[in-house]
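Shown next: protein-v4.txt, given as compact mmCIF, N, CA and C atoms.
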# COMPACT_ATOMS: atom_id res chain seq x y z
N MET A 271 42.18 8.83 1.85
CA MET A 271 41.21 9.88 1.67
C MET A 271 40.13 9.46 0.70
N LYS A 272 40.52 8.81 -0.36
CA LYS A 272 39.58 8.38 -1.38
C LYS A 272 38.54 7.41 -0.80
N ASN A 273 38.99 6.54 0.08
CA ASN A 273 38.10 5.54 0.68
C ASN A 273 37.06 6.21 1.58
N SER A 274 37.44 7.23 2.34
CA SER A 274 36.49 7.89 3.23
C SER A 274 35.46 8.68 2.42
N ALA A 275 35.83 9.23 1.29
CA ALA A 275 34.87 9.93 0.43
C ALA A 275 33.85 8.95 -0.12
N LEU A 276 34.30 7.77 -0.49
CA LEU A 276 33.40 6.73 -0.98
C LEU A 276 32.43 6.28 0.11
N LYS A 277 32.95 6.11 1.32
CA LYS A 277 32.10 5.74 2.45
C LYS A 277 31.06 6.82 2.73
N GLY A 278 31.47 8.07 2.64
CA GLY A 278 30.54 9.18 2.86
C GLY A 278 29.44 9.22 1.81
N ALA A 279 29.81 8.98 0.56
CA ALA A 279 28.82 8.97 -0.52
C ALA A 279 27.85 7.80 -0.35
N LEU A 280 28.36 6.65 0.01
CA LEU A 280 27.49 5.48 0.22
C LEU A 280 26.58 5.69 1.43
N GLY A 281 27.11 6.34 2.46
CA GLY A 281 26.31 6.64 3.64
C GLY A 281 25.16 7.59 3.31
N ALA A 282 25.46 8.61 2.51
CA ALA A 282 24.42 9.56 2.10
C ALA A 282 23.36 8.87 1.25
N LEU A 283 23.79 7.99 0.38
CA LEU A 283 22.86 7.22 -0.46
C LEU A 283 21.98 6.32 0.40
N ALA A 284 22.55 5.73 1.43
CA ALA A 284 21.77 4.87 2.33
C ALA A 284 20.72 5.69 3.09
N VAL A 285 21.07 6.88 3.51
CA VAL A 285 20.13 7.75 4.22
C VAL A 285 18.96 8.11 3.31
N VAL A 286 19.25 8.43 2.07
CA VAL A 286 18.19 8.76 1.10
C VAL A 286 17.29 7.55 0.88
N GLY A 287 17.87 6.37 0.76
CA GLY A 287 17.09 5.15 0.57
C GLY A 287 16.15 4.87 1.73
N VAL A 288 16.66 5.03 2.93
CA VAL A 288 15.84 4.81 4.12
C VAL A 288 14.71 5.84 4.18
N ALA A 289 15.00 7.08 3.82
CA ALA A 289 13.97 8.12 3.82
C ALA A 289 12.87 7.81 2.82
N LEU A 290 13.23 7.32 1.64
CA LEU A 290 12.22 6.98 0.63
C LEU A 290 11.35 5.81 1.09
N ILE A 291 11.96 4.82 1.71
CA ILE A 291 11.21 3.67 2.22
C ILE A 291 10.26 4.11 3.33
N ALA A 292 10.74 4.97 4.22
CA ALA A 292 9.89 5.47 5.32
C ALA A 292 8.72 6.28 4.77
N LYS A 293 8.96 7.08 3.75
CA LYS A 293 7.90 7.88 3.15
C LYS A 293 6.81 6.99 2.56
N LYS A 294 7.22 5.94 1.86
CA LYS A 294 6.27 5.01 1.26
C LYS A 294 5.47 4.28 2.34
N ALA A 295 6.12 3.91 3.43
CA ALA A 295 5.43 3.22 4.53
C ALA A 295 4.38 4.14 5.16
N VAL A 296 4.71 5.41 5.32
CA VAL A 296 3.75 6.36 5.89
C VAL A 296 2.56 6.54 4.96
N GLN A 297 2.81 6.61 3.64
CA GLN A 297 1.72 6.75 2.67
C GLN A 297 0.79 5.55 2.73
N ARG A 298 1.34 4.37 2.81
CA ARG A 298 0.51 3.16 2.85
C ARG A 298 -0.26 3.06 4.16
N LYS A 299 0.37 3.46 5.26
CA LYS A 299 -0.32 3.45 6.55
C LYS A 299 -1.50 4.42 6.50
N ARG A 300 -1.30 5.58 5.91
CA ARG A 300 -2.37 6.57 5.77
C ARG A 300 -3.50 6.02 4.90
N PHE A 301 -3.16 5.28 3.84
CA PHE A 301 -4.17 4.67 2.97
C PHE A 301 -5.02 3.67 3.76
N ILE A 302 -4.36 2.80 4.51
CA ILE A 302 -5.07 1.79 5.30
C ILE A 302 -5.97 2.46 6.34
N LYS A 303 -5.46 3.49 7.00
CA LYS A 303 -6.27 4.21 7.99
C LYS A 303 -7.50 4.82 7.32
N GLY A 304 -7.33 5.34 6.11
CA GLY A 304 -8.45 5.90 5.36
C GLY A 304 -9.49 4.85 5.02
N ILE A 305 -9.06 3.65 4.69
CA ILE A 305 -9.98 2.54 4.40
C ILE A 305 -10.79 2.20 5.66
N PHE A 306 -10.11 2.10 6.80
CA PHE A 306 -10.81 1.81 8.05
C PHE A 306 -11.85 2.88 8.37
N ASP A 307 -11.47 4.14 8.17
CA ASP A 307 -12.40 5.25 8.45
C ASP A 307 -13.56 5.25 7.45
N GLU A 308 -13.26 5.06 6.17
CA GLU A 308 -14.29 5.10 5.12
C GLU A 308 -15.35 4.03 5.32
N TYR A 309 -14.93 2.83 5.71
CA TYR A 309 -15.86 1.72 5.87
C TYR A 309 -16.35 1.54 7.30
N GLY A 310 -15.97 2.44 8.20
CA GLY A 310 -16.46 2.39 9.58
C GLY A 310 -15.99 1.18 10.35
N ILE A 311 -14.76 0.76 10.15
CA ILE A 311 -14.21 -0.40 10.84
C ILE A 311 -13.61 0.08 12.16
N LYS A 312 -14.18 -0.40 13.25
CA LYS A 312 -13.74 0.04 14.59
C LYS A 312 -12.47 -0.66 15.02
N GLU A 313 -12.40 -1.97 14.78
CA GLU A 313 -11.22 -2.75 15.18
C GLU A 313 -10.12 -2.54 14.13
N LYS A 314 -9.06 -1.84 14.51
CA LYS A 314 -7.99 -1.48 13.57
C LYS A 314 -6.98 -2.63 13.46
N SER A 315 -7.43 -3.73 12.88
CA SER A 315 -6.57 -4.88 12.69
C SER A 315 -7.01 -5.62 11.43
N PRO A 316 -6.19 -6.55 10.96
CA PRO A 316 -6.60 -7.34 9.79
C PRO A 316 -7.89 -8.12 10.05
N PHE A 317 -8.13 -8.48 11.30
CA PHE A 317 -9.34 -9.23 11.63
C PHE A 317 -10.58 -8.36 11.49
N GLY A 318 -10.46 -7.10 11.88
CA GLY A 318 -11.58 -6.16 11.71
C GLY A 318 -11.89 -5.96 10.24
N LEU A 319 -10.87 -5.85 9.42
CA LEU A 319 -11.06 -5.71 7.97
C LEU A 319 -11.70 -6.97 7.39
N ALA A 320 -11.24 -8.13 7.83
CA ALA A 320 -11.81 -9.39 7.35
C ALA A 320 -13.29 -9.51 7.72
N ASP A 321 -13.63 -9.12 8.93
CA ASP A 321 -15.04 -9.16 9.35
C ASP A 321 -15.89 -8.25 8.46
N LYS A 322 -15.37 -7.06 8.15
CA LYS A 322 -16.11 -6.12 7.30
C LYS A 322 -16.26 -6.68 5.89
N ILE A 323 -15.23 -7.32 5.37
CA ILE A 323 -15.29 -7.91 4.02
C ILE A 323 -16.37 -8.98 3.97
N ARG A 324 -16.49 -9.79 5.04
CA ARG A 324 -17.52 -10.83 5.07
C ARG A 324 -18.93 -10.25 5.01
N GLU A 325 -19.10 -9.01 5.54
CA GLU A 325 -20.41 -8.37 5.54
C GLU A 325 -20.75 -7.69 4.21
N MET A 326 -19.76 -7.49 3.35
CA MET A 326 -19.96 -6.74 2.11
C MET A 326 -20.67 -7.57 1.04
N ASN A 327 -21.38 -6.86 0.15
CA ASN A 327 -21.90 -7.55 -1.02
C ASN A 327 -20.81 -7.54 -2.10
N ASP A 328 -21.06 -8.19 -3.22
CA ASP A 328 -20.04 -8.32 -4.26
C ASP A 328 -19.58 -6.98 -4.82
N GLU A 329 -20.51 -6.05 -5.00
CA GLU A 329 -20.16 -4.74 -5.56
C GLU A 329 -19.22 -3.97 -4.63
N GLN A 330 -19.53 -3.96 -3.34
CA GLN A 330 -18.68 -3.28 -2.37
C GLN A 330 -17.30 -3.95 -2.29
N TYR A 331 -17.30 -5.26 -2.33
CA TYR A 331 -16.03 -5.99 -2.26
C TYR A 331 -15.15 -5.67 -3.47
N GLN A 332 -15.75 -5.64 -4.67
CA GLN A 332 -14.97 -5.34 -5.87
C GLN A 332 -14.41 -3.92 -5.82
N GLU A 333 -15.18 -2.98 -5.26
CA GLU A 333 -14.71 -1.61 -5.12
C GLU A 333 -13.50 -1.55 -4.19
N LEU A 334 -13.61 -2.22 -3.05
CA LEU A 334 -12.50 -2.25 -2.09
C LEU A 334 -11.28 -2.94 -2.70
N LYS A 335 -11.51 -4.03 -3.39
CA LYS A 335 -10.43 -4.77 -4.03
C LYS A 335 -9.70 -3.89 -5.06
N GLY A 336 -10.46 -3.11 -5.81
CA GLY A 336 -9.86 -2.20 -6.79
C GLY A 336 -9.00 -1.14 -6.13
N LYS A 337 -9.45 -0.63 -4.98
CA LYS A 337 -8.66 0.37 -4.26
C LYS A 337 -7.33 -0.22 -3.80
N PHE A 338 -7.37 -1.44 -3.28
CA PHE A 338 -6.14 -2.08 -2.83
C PHE A 338 -5.21 -2.38 -4.01
N LYS A 339 -5.77 -2.85 -5.12
CA LYS A 339 -4.94 -3.12 -6.30
C LYS A 339 -4.26 -1.86 -6.80
N LYS A 340 -5.00 -0.76 -6.81
CA LYS A 340 -4.44 0.51 -7.28
C LYS A 340 -3.32 0.98 -6.36
N GLU A 341 -3.53 0.88 -5.05
CA GLU A 341 -2.54 1.37 -4.09
C GLU A 341 -1.29 0.50 -4.05
N PHE A 342 -1.46 -0.81 -4.11
CA PHE A 342 -0.34 -1.72 -3.92
C PHE A 342 0.15 -2.35 -5.21
N ALA A 343 -0.22 -1.80 -6.36
CA ALA A 343 0.21 -2.34 -7.65
C ALA A 343 1.72 -2.16 -7.80
N SER A 344 2.33 -3.13 -8.42
CA SER A 344 3.76 -3.07 -8.68
C SER A 344 4.02 -2.06 -9.78
N LYS A 345 5.05 -1.28 -9.60
CA LYS A 345 5.41 -0.27 -10.59
C LYS A 345 6.53 -0.76 -11.51
N CYS A 346 6.77 -2.06 -11.51
CA CYS A 346 7.91 -2.59 -12.26
C CYS A 346 7.63 -2.72 -13.75
N CYS A 347 6.38 -2.77 -14.13
CA CYS A 347 6.03 -3.03 -15.53
C CYS A 347 5.87 -1.73 -16.31
N ARG A 348 6.14 -1.84 -17.58
CA ARG A 348 5.88 -0.69 -18.45
C ARG A 348 4.39 -0.58 -18.69
N LYS A 349 3.95 0.58 -19.13
CA LYS A 349 2.52 0.83 -19.31
C LYS A 349 1.90 -0.02 -20.42
N ASP A 350 2.70 -0.41 -21.42
CA ASP A 350 2.13 -1.19 -22.51
C ASP A 350 2.05 -2.68 -22.22
N HIS A 351 2.58 -3.10 -21.08
CA HIS A 351 2.51 -4.51 -20.67
C HIS A 351 1.61 -4.63 -19.44
N HIS A 352 0.92 -5.74 -19.34
CA HIS A 352 0.08 -5.98 -18.18
C HIS A 352 0.69 -7.09 -17.35
N CYS A 353 0.92 -6.82 -16.10
CA CYS A 353 1.47 -7.83 -15.20
C CYS A 353 0.34 -8.53 -14.48
N GLU A 354 0.39 -9.80 -14.43
CA GLU A 354 -0.56 -10.61 -13.67
C GLU A 354 0.21 -11.28 -12.57
N ALA A 355 -0.11 -10.94 -11.36
CA ALA A 355 0.60 -11.53 -10.23
C ALA A 355 -0.30 -12.50 -9.51

Structure translated into structure tokens:
Amino acid sequence: MKNSALKGALGALAVVGVALIAKKAVQRKRFIKGIFDEYGIKEKSPFGLADKIREMNDEQYQELKGKFKKEFASKCCRKDHHCEA
């Protein structure tokens, strides 16, 4: 009986983990879709994004780069430390 309770608890924990990962994936997909819409990129692929980046001036590129850094920044570091990846 003890073993089945442990399996049930681990199964529930696995379901929660999968749900959190799926939620994060949906948020990131929504972010990328927003970038494509904001910059008017018709081809919804990495190649379409690369073509748009080639057309940008430095100021636009730095703005886009900042948005990506903010969205995909690692949350592993404490606020008083700066991580350089």

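Residue nearest Lys303 of chain A, chosen from A:Lys339, A:Asp328, A:Leu319, A:Leu276 and counting only C-alpha atoms: A:Leu319.
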
Between atom CA of Ile311 of chain A and atom CA of Glu329 of chain A, distance in Å (one decimal) =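 So the answer is 18.0 Å.
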
DSSP alpha helix (DSSP H) selection over chain A, as a ChimeraX atom specification | /A:272-308,316-325,328-342

Using only C-alpha atoms: which of A:Ser274, A:Ser344, A:Met326, A:Leu334 has the shortest distance to Ile305 of chain A =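 Under the stated criterion, the closest residue is A:Leu334.
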
Grab the atom CA of Asn327 of chain A to atom CA of Asp307 of chain A distance for me, in Å with one decimal place.
->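 Between atom CA of Asn327 of chain A and atom CA of Asp307 of chain A the gap works out to 18.5 Å.
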
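Computed from the coordinates, the atom C of Lys312 of chain A to atom C of Ala343 of chain A distance equals 26.9 Å.
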